[in-house]
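Reviewing the structure listed below.
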Amino acid sequence: MQRHVPDVVELDIGLDEPDDEASLRSVAARKIGVAIDALPALHVRKRALDCRRGRVRFHLTCELGEQPPEEIAESRPPREVTQPGRVVIVGDGPCGLFCAYELARRGIACTVVDRGKPVQPRRKDLKGLTRKATVDPDSNYCFGEGGAGTYSDGKLYTRSHKRGDVRDVIEVLAEHGAPAAILSDARPHIGSNLLPKVITALRERLEGVGVQFRFGSRVADLLTQERGARKVVAGVRLADGEELEAERVVLATGHSARDVFDMLAELGHPLEAKSFALGVRIEHPQPLINRIQYGQHAGHPKLPSAAYRLVDSRGERAVFSFCMCPGGFIVPASTSPGEVVVNGMSPSKRNSKYANSGMVVSVSPQQIEAAGYRGPLAGVHLQRTIEQAAFAAAGSDLSAPATRLVDFLAHRASSTLPQSSYVPGLTAADVGEVLDGSGVTFAARLEEGLRRFGRQLRGFISEEAVLVGVESRTSSPVRVPRHDESLQSPYVDGLYPAGEGAGYAGGIMSAAVDGVRVARAIAGALAERC
């Protein structure tokens, strides 16, 4: 009796086992119980590293069949858009960019405006940040072409349940120059050295079909008209006074565009405070993390720089790792003078000698209000208070206050600090005092979580580990309300709050997926009017 050949087979491959196509076919045939000649073509669809139970191996999900590998993105390319633009997208991050891409697929013209600069001139402003401690409020690690994600690790994993949309976004990125490995890696990433090229290629593709991009164009006001008892979008006014007319406006401005929140508040548009998280960056030598995670296999040539994901959800306030960057760097993410904000990034090879991660504590609107911060922008005020305290503690430049982990757990400031990837430099200080000076208690809960993580990962608590302050821009502390189905503001017809800044995403992938959803909603609304 001939054994049935399944459509999918799961394979575990050891570090020293061959993983070429012929070897994988042999392993698959043996597992299924058929002759190699009876096995159809094998395609690796997902590749994950499994370090559980003291073993280190690769887990492969393979499809069996004669069909060729999935085609990517070209099946739905953007179309020529020649009619007058009816949509303005504010923000050229992943949300705005993928919103424009999806609109172009449907033949809908739009104009994308961004306060920052294109990739190449933006690089010069980033050098000013790291080398001269000069913050350009419109061009920095948060603002400019591609948004905050352009010069980050380019992590593409997400908890979004819209898997088809997630796959579509990954395919579009691969088509525009991202490594092909992102199509099969379980936790795909592009890298800070490659992502800017991908973003540029996406923009040039859209420009080629007629989508317009306006850089150095900060939106200062939303134009509206009265239609009966309703307000209706009419366009936007730029900081230089120029007005751009539009039937639909997408606000995809990211989590750090605080002036947009102020603009909406002045217009009388309701805003809602939401939970977010705040804390520090923790940095270790990468070889130490490799030893903790890989044990005796650390240093094996097939193994990437090790990562970790940590969560302590006991009690009311979770402590968790955020945006872990193996083989990466800590960078200054300030968007205004007089504040210190840090973030993490990694190149595609993740070959820095340091590992860093956000280590943050969740905080709710109720807890923020109990500390004396009022209104829907209370979280913004809390962020600003702590960021300014970090600036003062570090000596009033972009050097960052830092404390060795062992000193933090002993409730004292550090007198010396280890070397760090943070180029502006570290200043020995007590980061616990910086965090708690806001009136909201972060240090004690962070300490509880770190002690728990130290028990989970032996060696994590070390003289070589350092806490760098502050990691305060994990997500937006504000939500801009919108309808669940139409995705429009319930207060201004034709206004679409979107992505991280509006409180509907938390990373490159979820922001891009939300941009696609908004584009589809706009297409449907415009079709109804025709």
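Naming scheme: A, B, ... for chains in displayed order of the structure tokens; residues 1 onward per chain; ligands 1 onward as shown.
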
Which residues come within 12 Å of Ser305 in chain A, counting only C-alpha atoms, excluding same-chain residues fewer than 5 positions away, as a PDB file with C-alpha atoms, in the first residue's frame?
```pdb
ATOM      1  CA  LEU A  49      15.648  28.574  15.374  1.00  0.00           C
ATOM      2  CA  PRO A 285      28.133  42.125  25.402  1.00  0.00           C
ATOM      3  CA  GLN A 286      26.705  39.996  22.585  1.00  0.00           C
ATOM      4  CA  PRO A 287      28.994  37.013  23.371  1.00  0.00           C
ATOM      5  CA  LEU A 288      27.461  36.897  26.867  1.00  0.00           C
ATOM      6  CA  ILE A 289      23.923  36.670  25.443  1.00  0.00           C
ATOM      7  CA  ASN A 290      25.144  34.006  22.997  1.00  0.00           C
ATOM      8  CA  ARG A 291      26.487  31.894  25.877  1.00  0.00           C
ATOM      9  CA  ILE A 292      23.265  32.320  27.865  1.00  0.00           C
ATOM     10  CA  GLN A 293      21.048  31.294  24.961  1.00  0.00           C
ATOM     11  CA  TYR A 294      23.180  28.761  23.083  1.00  0.00           C
ATOM     12  CA  HIS A 297      26.905  25.812  20.949  1.00  0.00           C
ATOM     13  CA  ALA A 298      27.768  29.521  21.280  1.00  0.00           C
ATOM     14  CA  GLY A 299      30.079  30.555  18.474  1.00  0.00           C
ATOM     15  CA  HIS A 300      28.811  27.936  16.028  1.00  0.00           C
ATOM     16  CA  MET A 324      15.509  43.523  21.174  1.00  0.00           C
ATOM     17  CA  CYS A 325      18.505  44.253  18.897  1.00  0.00           C
ATOM     18  CA  PRO A 326      21.087  41.457  18.794  1.00  0.00           C
ATOM     19  CA  GLY A 327      24.435  42.580  17.404  1.00  0.00           C
ATOM     20  CA  GLY A 328      23.169  46.136  17.444  1.00  0.00           C
ATOM     21  CA  SER A 346      20.921  46.500  14.165  1.00  0.00           C
ATOM     22  CA  PRO A 347      22.601  46.089  10.773  1.00  0.00           C
ATOM     23  CA  SER A 348      21.500  43.174   8.596  1.00  0.00           C
ATOM     24  CA  LYS A 349      24.384  40.950   9.751  1.00  0.00           C
ATOM     25  CA  ARG A 350      23.773  41.818  13.412  1.00  0.00           C
ATOM     26  CA  ASN A 351      27.519  41.742  13.913  1.00  0.00           C
ATOM     27  CA  SER A 352      28.062  44.450  16.545  1.00  0.00           C
ATOM     28  CA  LYS A 353      29.730  43.222  19.734  1.00  0.00           C
ATOM     29  CA  TYR A 354      26.757  44.496  21.758  1.00  0.00           C
ATOM     30  CA  ALA A 355      23.197  43.318  22.348  1.00  0.00           C
ATOM     31  CA  ASN A 356      20.558  45.777  23.521  1.00  0.00           C
TER      32      ASN A 356
END
```

Would you please give, as a PyMOL selection string, all residues of range 125-229 of chain A that DSSP assigns to strand (DSSP E or B) based on the backbone?
chain A and resi 136+139+155+185+189+212-215+219-227

Using only C-alpha atoms, which of the listed residues (A:Leu39, A:Val112, A:Ile522, A:Leu64) sits closest to Asp7 in chain A?
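Going through A:Leu39, A:Val112, A:Ile522, A:Leu64 one by one, the smallest distance to Asp7 in chain A is for A:Leu64.
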
Residues near Val249 in chain A, cut-off 9 Å, only C-alpha atoms, skip fewer than 2 positions along chain, as a list in words
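Listed by chain and then number, they are Arg86, Val87, Val88, Ile89, Val90, Leu222, Val233, Ala234, Gly235, Val236, Ala246, Glu247, Leu251, Gly494, Leu495, Tyr496 and Pro497 of chain A.
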
Hey, what's within 7 Å of Ala273 in chain A if we count only C-alpha atoms and toss same-chain stuff fewer than 6 positions away? As a VMD selection string, please?
chain A and resid 365 376 to 379 477 to 479

Generate a file of the selected residues that holds C-alpha atoms, formatted as a PDB file, in the first residue's frame.
```
ATOM      1  CA  PRO A 365      -3.940  56.323  32.008  1.00  0.00           C
ATOM      2  CA  PRO A 376      -5.760  63.022  27.041  1.00  0.00           C
ATOM      3  CA  LEU A 377      -2.158  64.233  26.595  1.00  0.00           C
ATOM      4  CA  ALA A 378      -1.144  63.177  30.106  1.00  0.00           C
ATOM      5  CA  GLY A 379       1.108  60.425  28.755  1.00  0.00           C
ATOM      6  CA  PRO A 477       0.379  57.418  24.648  1.00  0.00           C
ATOM      7  CA  VAL A 478      -2.586  58.850  22.730  1.00  0.00           C
ATOM      8  CA  ARG A 479      -5.339  57.339  20.611  1.00  0.00           C
TER       9      ARG A 479
END
```

For Arg105 in chain A, which of A:Pro78, A:Gly344, A:Pro270, A:Gly93 is the closest residue, counting only C-alpha atoms?
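Result for the nearest residue to Arg105 in chain A: A:Pro78.
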
Restricting to only C-alpha atoms, whichever of A:Ala498, A:Lys46, A:Thr150, A:Cys51 is closest to Ala306 in chain A is A:Cys51

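Of the residues under consideration (A:Val250, A:Leu60, A:Leu409, A:Ala109), A:Val250 shows the shortest atom-to-atom contact distance to Asp493 in chain A when counting only C-alpha atoms.
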
Out of range 80-254 of chain A, which residues get alpha helix (DSSP H) from DSSP, as a ChimeraX atom specification?
/A:94-105,119-132,163-175,195-208

Using only C-alpha atoms, which protein or nucleic acid residues come within 12 Å of Leu97 in chain A? Drop anything in the same chain fewer than 5 positions from it, and give the result as an MDAnalysis selection string.
chainID A and resid 88:92 102:104 110:114 144:147 149:150 169 172:173 198:207 211:213 250:253 498:499 508:509 511:516 518:519

Write the residues you've just listed into a file as a tab-separated table (two decimals), in the first residue's frame, and include C-alpha atoms for each of them.
```tsv
chain	number	residue	atom	x	y	z
A	88	VAL	CA	-3.26	63.58	1.15
A	89	ILE	CA	-1.25	61.23	3.36
A	90	VAL	CA	0.53	62.95	6.22
A	91	GLY	CA	3.64	60.94	7.12
A	92	ASP	CA	5.96	58.80	4.99
A	102	GLU	CA	-2.29	50.21	-1.94
A	103	LEU	CA	-4.05	53.30	-3.29
A	104	ALA	CA	-1.80	53.21	-6.37
A	110	CYS	CA	-2.38	60.74	-3.65
A	111	THR	CA	0.20	63.15	-2.29
A	112	VAL	CA	2.43	62.03	0.57
A	113	VAL	CA	3.77	64.87	2.72
A	114	ASP	CA	6.47	64.45	5.34
A	144	GLY	CA	11.93	61.67	7.70
A	145	GLU	CA	11.51	59.25	4.82
A	146	GLY	CA	10.48	55.84	6.11
A	147	GLY	CA	9.74	57.11	9.60
A	149	GLY	CA	11.71	52.30	11.24
A	150	THR	CA	14.09	53.36	8.44
A	169	VAL	CA	3.72	43.60	2.93
A	172	VAL	CA	6.40	44.03	-1.45
A	173	LEU	CA	9.51	44.68	0.65
A	198	VAL	CA	14.33	49.44	0.27
A	199	ILE	CA	12.35	52.52	1.36
A	200	THR	CA	13.95	54.59	-1.40
A	201	ALA	CA	13.12	51.94	-4.02
A	202	LEU	CA	9.48	51.86	-2.86
A	203	ARG	CA	9.17	55.63	-3.12
A	204	GLU	CA	10.81	55.73	-6.56
A	205	ARG	CA	8.45	53.01	-7.75
A	206	LEU	CA	5.47	55.05	-6.62
A	207	GLU	CA	6.84	58.27	-8.11
A	211	VAL	CA	2.32	59.39	-6.75
A	212	GLN	CA	3.64	62.72	-5.46
A	213	PHE	CA	5.96	63.09	-2.46
A	250	VAL	CA	-4.71	60.18	6.30
A	251	LEU	CA	-2.87	61.04	9.53
A	252	ALA	CA	0.04	58.56	9.59
A	253	THR	CA	2.45	60.70	11.57
A	498	ALA	CA	-3.81	55.61	11.15
A	499	GLY	CA	-0.77	53.70	12.32
A	508	ILE	CA	6.78	48.40	11.06
A	509	MET	CA	4.52	45.51	10.08
A	511	ALA	CA	1.73	50.06	10.83
A	512	ALA	CA	2.10	48.97	7.20
A	513	VAL	CA	-0.89	46.62	7.50
A	514	ASP	CA	-2.98	49.43	9.00
A	515	GLY	CA	-1.98	51.69	6.10
A	516	VAL	CA	-3.20	49.04	3.65
A	518	VAL	CA	-7.03	52.50	5.46
A	519	ALA	CA	-6.30	52.60	1.72
```
